Amino acid sequence: MNHADPRSGPRARPRSDPSADPRAARLTARGVVRRYGGIAAVAGVDLSAPPGRITALIGPNGAGKSTLFDCLAGTARPDAGRVLLGGRDVTRLAAHARVRLGLARTFQQIAVFPTLSVADNVRIGAEQQRGRSRGRDVRAVEADTARALALLDLRGLAAQPAGDQPTGVLRLVELARALAGGPRVLLLDEPAAGLDTVQTSRLAAVLRGLADRGMALLLVEHDVDLVAELADTVYAMADGHVVASGPTASVLADPRVARAWGGAAPEAGDN
Ligand code: ATP
């Protein structure tokens with residue numbers, strides 16, 4: 001694995017000021033509401049994922065995390081509120097238009113093309129960003145694909161069919177595909193699901209390295225140990241609302257957060 005920075009943990013600060021990067025962008029939700037029938041799955045959420053930081057979204061099943069993610073990514077349209085990417089209002093933009101502006105995501109359900117090779121799956125992410133028609137872009141797509149494969153240590157599997165790979169590898173393929181487009185903001189829906197402890201710590205190091213280079217990362221994650229290790233800031237949701245937000249340690253220790261899980265923090269008895 002080509003780790004840019006071996007440090008991990010929420011208190012490791014970026015070496016350079018990410019706000020100095022002209023590509024750096026913040027993703028912001030302001031008063032986002034999304035209803036299904038009479039139910040507000042997201043009931044007026046404010047959230048900010050700044051460049052150079054890892055922000056985590058936690059909460060019990062049905063809290064509204066995935067729905068908020070869909071509103072941020074553009075796969076769901078908010079009924080009220082706004083979504084800003086780098087200060088630009090993208091609330092009315094479709095998901096593919098947001099990708100072009102530097103917003104990438106991975107999905108809870110792994111979505112690779114099984115008959116395509118690992119490299120071809122990753123190339124799709126680069127093509128979405130660059131387009132595929134012009135010669136200059138073809139070379140750029142190849143360079144972006146190679147860089148993403150190297151970052152996730154997937155070069156040795158590049159020619160293999162994706163469908164032959166285990167879940168742990170497919171999570172990395174999905175992440176490589178998202179990174180191939182050179183995003184400024186990365187949304188990750190349960191990136192550690194199905195990974196073993198070695199793969200999870202490799203993933204954590206990669207994500208920390210991306211944040212240290214100025215990317216804004218927002219992840220939905222049920223693994224509280226990983227959130228505690230990785231996130232700078234946590235938003236805890238329950239019943240469509242943010243019930244607590246702030247520095248990771250204080251949110252995980254907040255009694256309102258424990259209450260949202262029925263008295264015990266999820267999956268980590270000591271958090
Ligand atoms: P999980 O951790 O289980 O993924 P979540 O926090 O992501 O849960 P959501 O999936 O956003 O929660 O669901 C929030 C609420 O919205 C739930 O009550 C859910 O049943 C409802 N909901 C989500 N998507 C839809 C939909 N397409 N149609 C109707 N109701 C929906």
# chains A, B, ... in the order shown; residues from 1 in each chain; ligands from 1
>>> select_by_dssp(residues="region 68-209 of chain A", states="strand (DSSP E)", output="mmCIF file with N, CA and C atoms, in the first residue's frame")
data_model
loop_
_atom_site.group_PDB
_atom_site.id
_atom_site.type_symbol
_atom_site.label_atom_id
_atom_site.label_comp_id
_atom_site.auth_asym_id
_atom_site.auth_seq_id
_atom_site.Cartn_x
_atom_site.Cartn_y
_atom_site.Cartn_z
ATOM 1 N N ALA A 80 -36.605 20.496 1.202
ATOM 2 C CA ALA A 80 -36.274 21.856 1.651
ATOM 3 C C ALA A 80 -34.797 21.881 2.026
ATOM 4 N N GLY A 81 -34.254 23.081 2.087
ATOM 5 C CA GLY A 81 -32.848 23.238 2.471
ATOM 6 C C GLY A 81 -31.931 23.291 1.257
ATOM 7 N N ARG A 82 -30.649 23.448 1.537
ATOM 8 C CA ARG A 82 -29.676 23.630 0.456
ATOM 9 C C ARG A 82 -28.450 22.758 0.676
ATOM 10 N N VAL A 83 -27.806 22.411 -0.427
ATOM 11 C CA VAL A 83 -26.523 21.698 -0.394
ATOM 12 C C VAL A 83 -25.509 22.568 -1.138
ATOM 13 N N LEU A 84 -24.390 22.842 -0.485
ATOM 14 C CA LEU A 84 -23.350 23.690 -1.077
ATOM 15 C C LEU A 84 -22.071 22.884 -1.232
ATOM 16 N N LEU A 85 -21.439 23.023 -2.392
ATOM 17 C CA LEU A 85 -20.154 22.370 -2.647
ATOM 18 C C LEU A 85 -19.155 23.458 -3.010
ATOM 19 N N ARG A 88 -20.711 26.734 -3.755
ATOM 20 C CA ARG A 88 -21.681 26.799 -4.851
ATOM 21 C C ARG A 88 -22.929 26.002 -4.492
ATOM 22 N N ASP A 89 -24.094 26.574 -4.755
ATOM 23 C CA ASP A 89 -25.347 25.882 -4.464
ATOM 24 C C ASP A 89 -25.569 24.790 -5.512
ATOM 25 N N LEU A 103 -17.320 15.901 -6.527
ATOM 26 C CA LEU A 103 -17.950 15.166 -5.427
ATOM 27 C C LEU A 103 -18.050 13.693 -5.822
ATOM 28 N N ALA A 104 -17.383 12.823 -5.074
ATOM 29 C CA ALA A 104 -17.431 11.386 -5.376
ATOM 30 C C ALA A 104 -18.024 10.644 -4.203
ATOM 31 N N ARG A 105 -18.544 9.444 -4.465
ATOM 32 C CA ARG A 105 -19.102 8.652 -3.366
ATOM 33 C C ARG A 105 -18.873 7.167 -3.593
ATOM 34 N N THR A 106 -18.877 6.429 -2.494
ATOM 35 C CA THR A 106 -18.953 4.978 -2.571
ATOM 36 C C THR A 106 -20.259 4.553 -1.905
ATOM 37 N N VAL A 185 -14.204 16.238 -2.674
ATOM 38 C CA VAL A 185 -15.001 15.778 -1.532
ATOM 39 C C VAL A 185 -15.364 14.320 -1.786
ATOM 40 N N LEU A 186 -15.200 13.491 -0.751
ATOM 41 C CA LEU A 186 -15.465 12.059 -0.900
ATOM 42 C C LEU A 186 -16.480 11.621 0.151
ATOM 43 N N LEU A 187 -17.592 11.047 -0.323
ATOM 44 C CA LEU A 187 -18.621 10.500 0.559
ATOM 45 C C LEU A 187 -18.463 8.988 0.597
ATOM 46 N N LEU A 188 -18.356 8.433 1.788
ATOM 47 C CA LEU A 188 -18.126 6.991 1.930
ATOM 48 C C LEU A 188 -19.226 6.384 2.782
ATOM 49 N N ASP A 189 -20.002 5.473 2.188
ATOM 50 C CA ASP A 189 -21.102 4.847 2.929
ATOM 51 C C ASP A 189 -20.635 3.491 3.449
#
>>> residues_near_ligand(ligand="ligand 1", cutoff="12 Å", atoms="only C-alpha atoms and all ligand atoms", output="JSON, numbers by chain")
{"A": [33, 34, 35, 36, 37, 38, 39, 40, 41, 42, 43, 57, 58, 59, 60, 61, 62, 63, 64, 65, 66, 67, 68, 69, 70, 71, 75, 76, 77, 107, 108, 109, 189, 190, 193, 219, 220, 221, 222, 223, 235, 236, 237, 238, 239, 240, 241, 242, 260, 261, 266]}
>>> select_by_dssp(residues="region 96-228 of chain A", states="alpha helix (DSSP H)", output="VMD selection string")
chain A and resid 96 to 100 118 to 130 135 to 151 167 to 180 197 to 212 224 to 228
>>> write_last_selection(atoms="C-alpha atoms", output="mmCIF file, in the first residue's frame")
data_model
loop_
_atom_site.group_PDB
_atom_site.id
_atom_site.type_symbol
_atom_site.label_atom_id
_atom_site.label_comp_id
_atom_site.auth_asym_id
_atom_site.auth_seq_id
_atom_site.Cartn_x
_atom_site.Cartn_y
_atom_site.Cartn_z
ATOM 1 C CA HIS A 96 -23.394 13.300 -12.348
ATOM 2 C CA ALA A 97 -23.091 17.087 -12.434
ATOM 3 C CA ARG A 98 -21.880 17.052 -8.829
ATOM 4 C CA VAL A 99 -19.304 14.400 -9.798
ATOM 5 C CA ARG A 100 -17.990 16.822 -12.418
ATOM 6 C CA VAL A 118 -10.524 -4.340 -11.702
ATOM 7 C CA ALA A 119 -8.773 -1.694 -13.850
ATOM 8 C CA ASP A 120 -11.812 -1.180 -16.097
ATOM 9 C CA ASN A 121 -14.011 -0.650 -13.035
ATOM 10 C CA VAL A 122 -11.600 1.984 -11.760
ATOM 11 C CA ARG A 123 -11.360 3.580 -15.231
ATOM 12 C CA ILE A 124 -15.100 4.297 -15.132
ATOM 13 C CA GLY A 125 -14.470 6.776 -12.311
ATOM 14 C CA ALA A 126 -11.787 8.557 -14.294
ATOM 15 C CA GLU A 127 -13.993 8.691 -17.413
ATOM 16 C CA GLN A 128 -16.915 10.145 -15.484
ATOM 17 C CA GLN A 129 -14.697 13.026 -14.513
ATOM 18 C CA ARG A 130 -12.755 13.555 -17.760
ATOM 19 C CA GLY A 135 -7.114 11.906 -27.212
ATOM 20 C CA ARG A 136 -5.702 14.103 -24.487
ATOM 21 C CA ASP A 137 -8.459 12.916 -22.185
ATOM 22 C CA VAL A 138 -7.786 9.249 -22.976
ATOM 23 C CA ARG A 139 -4.212 9.651 -21.765
ATOM 24 C CA ALA A 140 -5.376 11.549 -18.699
ATOM 25 C CA VAL A 141 -7.916 8.817 -17.942
ATOM 26 C CA GLU A 142 -5.175 6.174 -18.125
ATOM 27 C CA ALA A 143 -2.944 8.199 -15.799
ATOM 28 C CA ASP A 144 -5.783 8.771 -13.313
ATOM 29 C CA THR A 145 -6.662 5.060 -13.383
ATOM 30 C CA ALA A 146 -3.055 3.984 -12.804
ATOM 31 C CA ARG A 147 -2.671 6.440 -9.927
ATOM 32 C CA ALA A 148 -5.816 5.233 -8.174
ATOM 33 C CA LEU A 149 -4.858 1.551 -8.622
ATOM 34 C CA ALA A 150 -1.433 2.267 -7.121
ATOM 35 C CA LEU A 151 -2.861 4.226 -4.192
ATOM 36 C CA THR A 167 -15.550 -8.244 -0.568
ATOM 37 C CA GLY A 168 -12.477 -6.646 0.998
ATOM 38 C CA VAL A 169 -10.875 -6.113 -2.411
ATOM 39 C CA LEU A 170 -14.124 -4.884 -3.964
ATOM 40 C CA ARG A 171 -14.420 -2.171 -1.304
ATOM 41 C CA LEU A 172 -10.954 -0.991 -2.355
ATOM 42 C CA VAL A 173 -11.949 -1.160 -6.057
ATOM 43 C CA GLU A 174 -14.962 1.046 -5.306
ATOM 44 C CA LEU A 175 -12.774 3.483 -3.429
ATOM 45 C CA ALA A 176 -10.212 3.511 -6.260
ATOM 46 C CA ARG A 177 -12.999 4.217 -8.749
ATOM 47 C CA ALA A 178 -14.179 7.157 -6.642
ATOM 48 C CA LEU A 179 -10.613 8.475 -6.316
ATOM 49 C CA ALA A 180 -9.809 8.066 -10.013
ATOM 50 C CA THR A 197 -8.999 -5.801 10.779
ATOM 51 C CA VAL A 198 -5.884 -5.635 8.581
ATOM 52 C CA GLN A 199 -7.847 -4.273 5.621
ATOM 53 C CA THR A 200 -9.652 -1.821 7.908
ATOM 54 C CA SER A 201 -6.428 -0.361 9.254
ATOM 55 C CA ARG A 202 -5.019 -0.087 5.703
ATOM 56 C CA LEU A 203 -8.208 1.705 4.680
ATOM 57 C CA ALA A 204 -7.918 4.030 7.679
ATOM 58 C CA ALA A 205 -4.366 4.973 6.699
ATOM 59 C CA VAL A 206 -5.417 5.701 3.098
ATOM 60 C CA LEU A 207 -8.345 7.855 4.221
ATOM 61 C CA ARG A 208 -6.168 9.774 6.666
ATOM 62 C CA GLY A 209 -3.622 10.374 3.898
ATOM 63 C CA LEU A 210 -6.345 11.766 1.606
ATOM 64 C CA ALA A 211 -7.534 14.171 4.295
ATOM 65 C CA ASP A 212 -3.963 15.247 4.988
ATOM 66 C CA VAL A 224 -17.505 3.083 16.326
ATOM 67 C CA ASP A 225 -13.931 1.990 16.966
ATOM 68 C CA LEU A 226 -13.045 3.090 13.439
ATOM 69 C CA VAL A 227 -14.920 6.371 13.888
ATOM 70 C CA ALA A 228 -13.067 6.977 17.162
#
>>> closest_residue(among="A:Ser245, A:Gln165, A:Gln160, A:Thr233", to="Thr55 (chain A)", atoms="only C-alpha atoms")
A:Thr233
>>> atom_distance(atom1="CA of Gly74 (chain A)", atom2="CA of Ala162 (chain A)")
26.5 Å
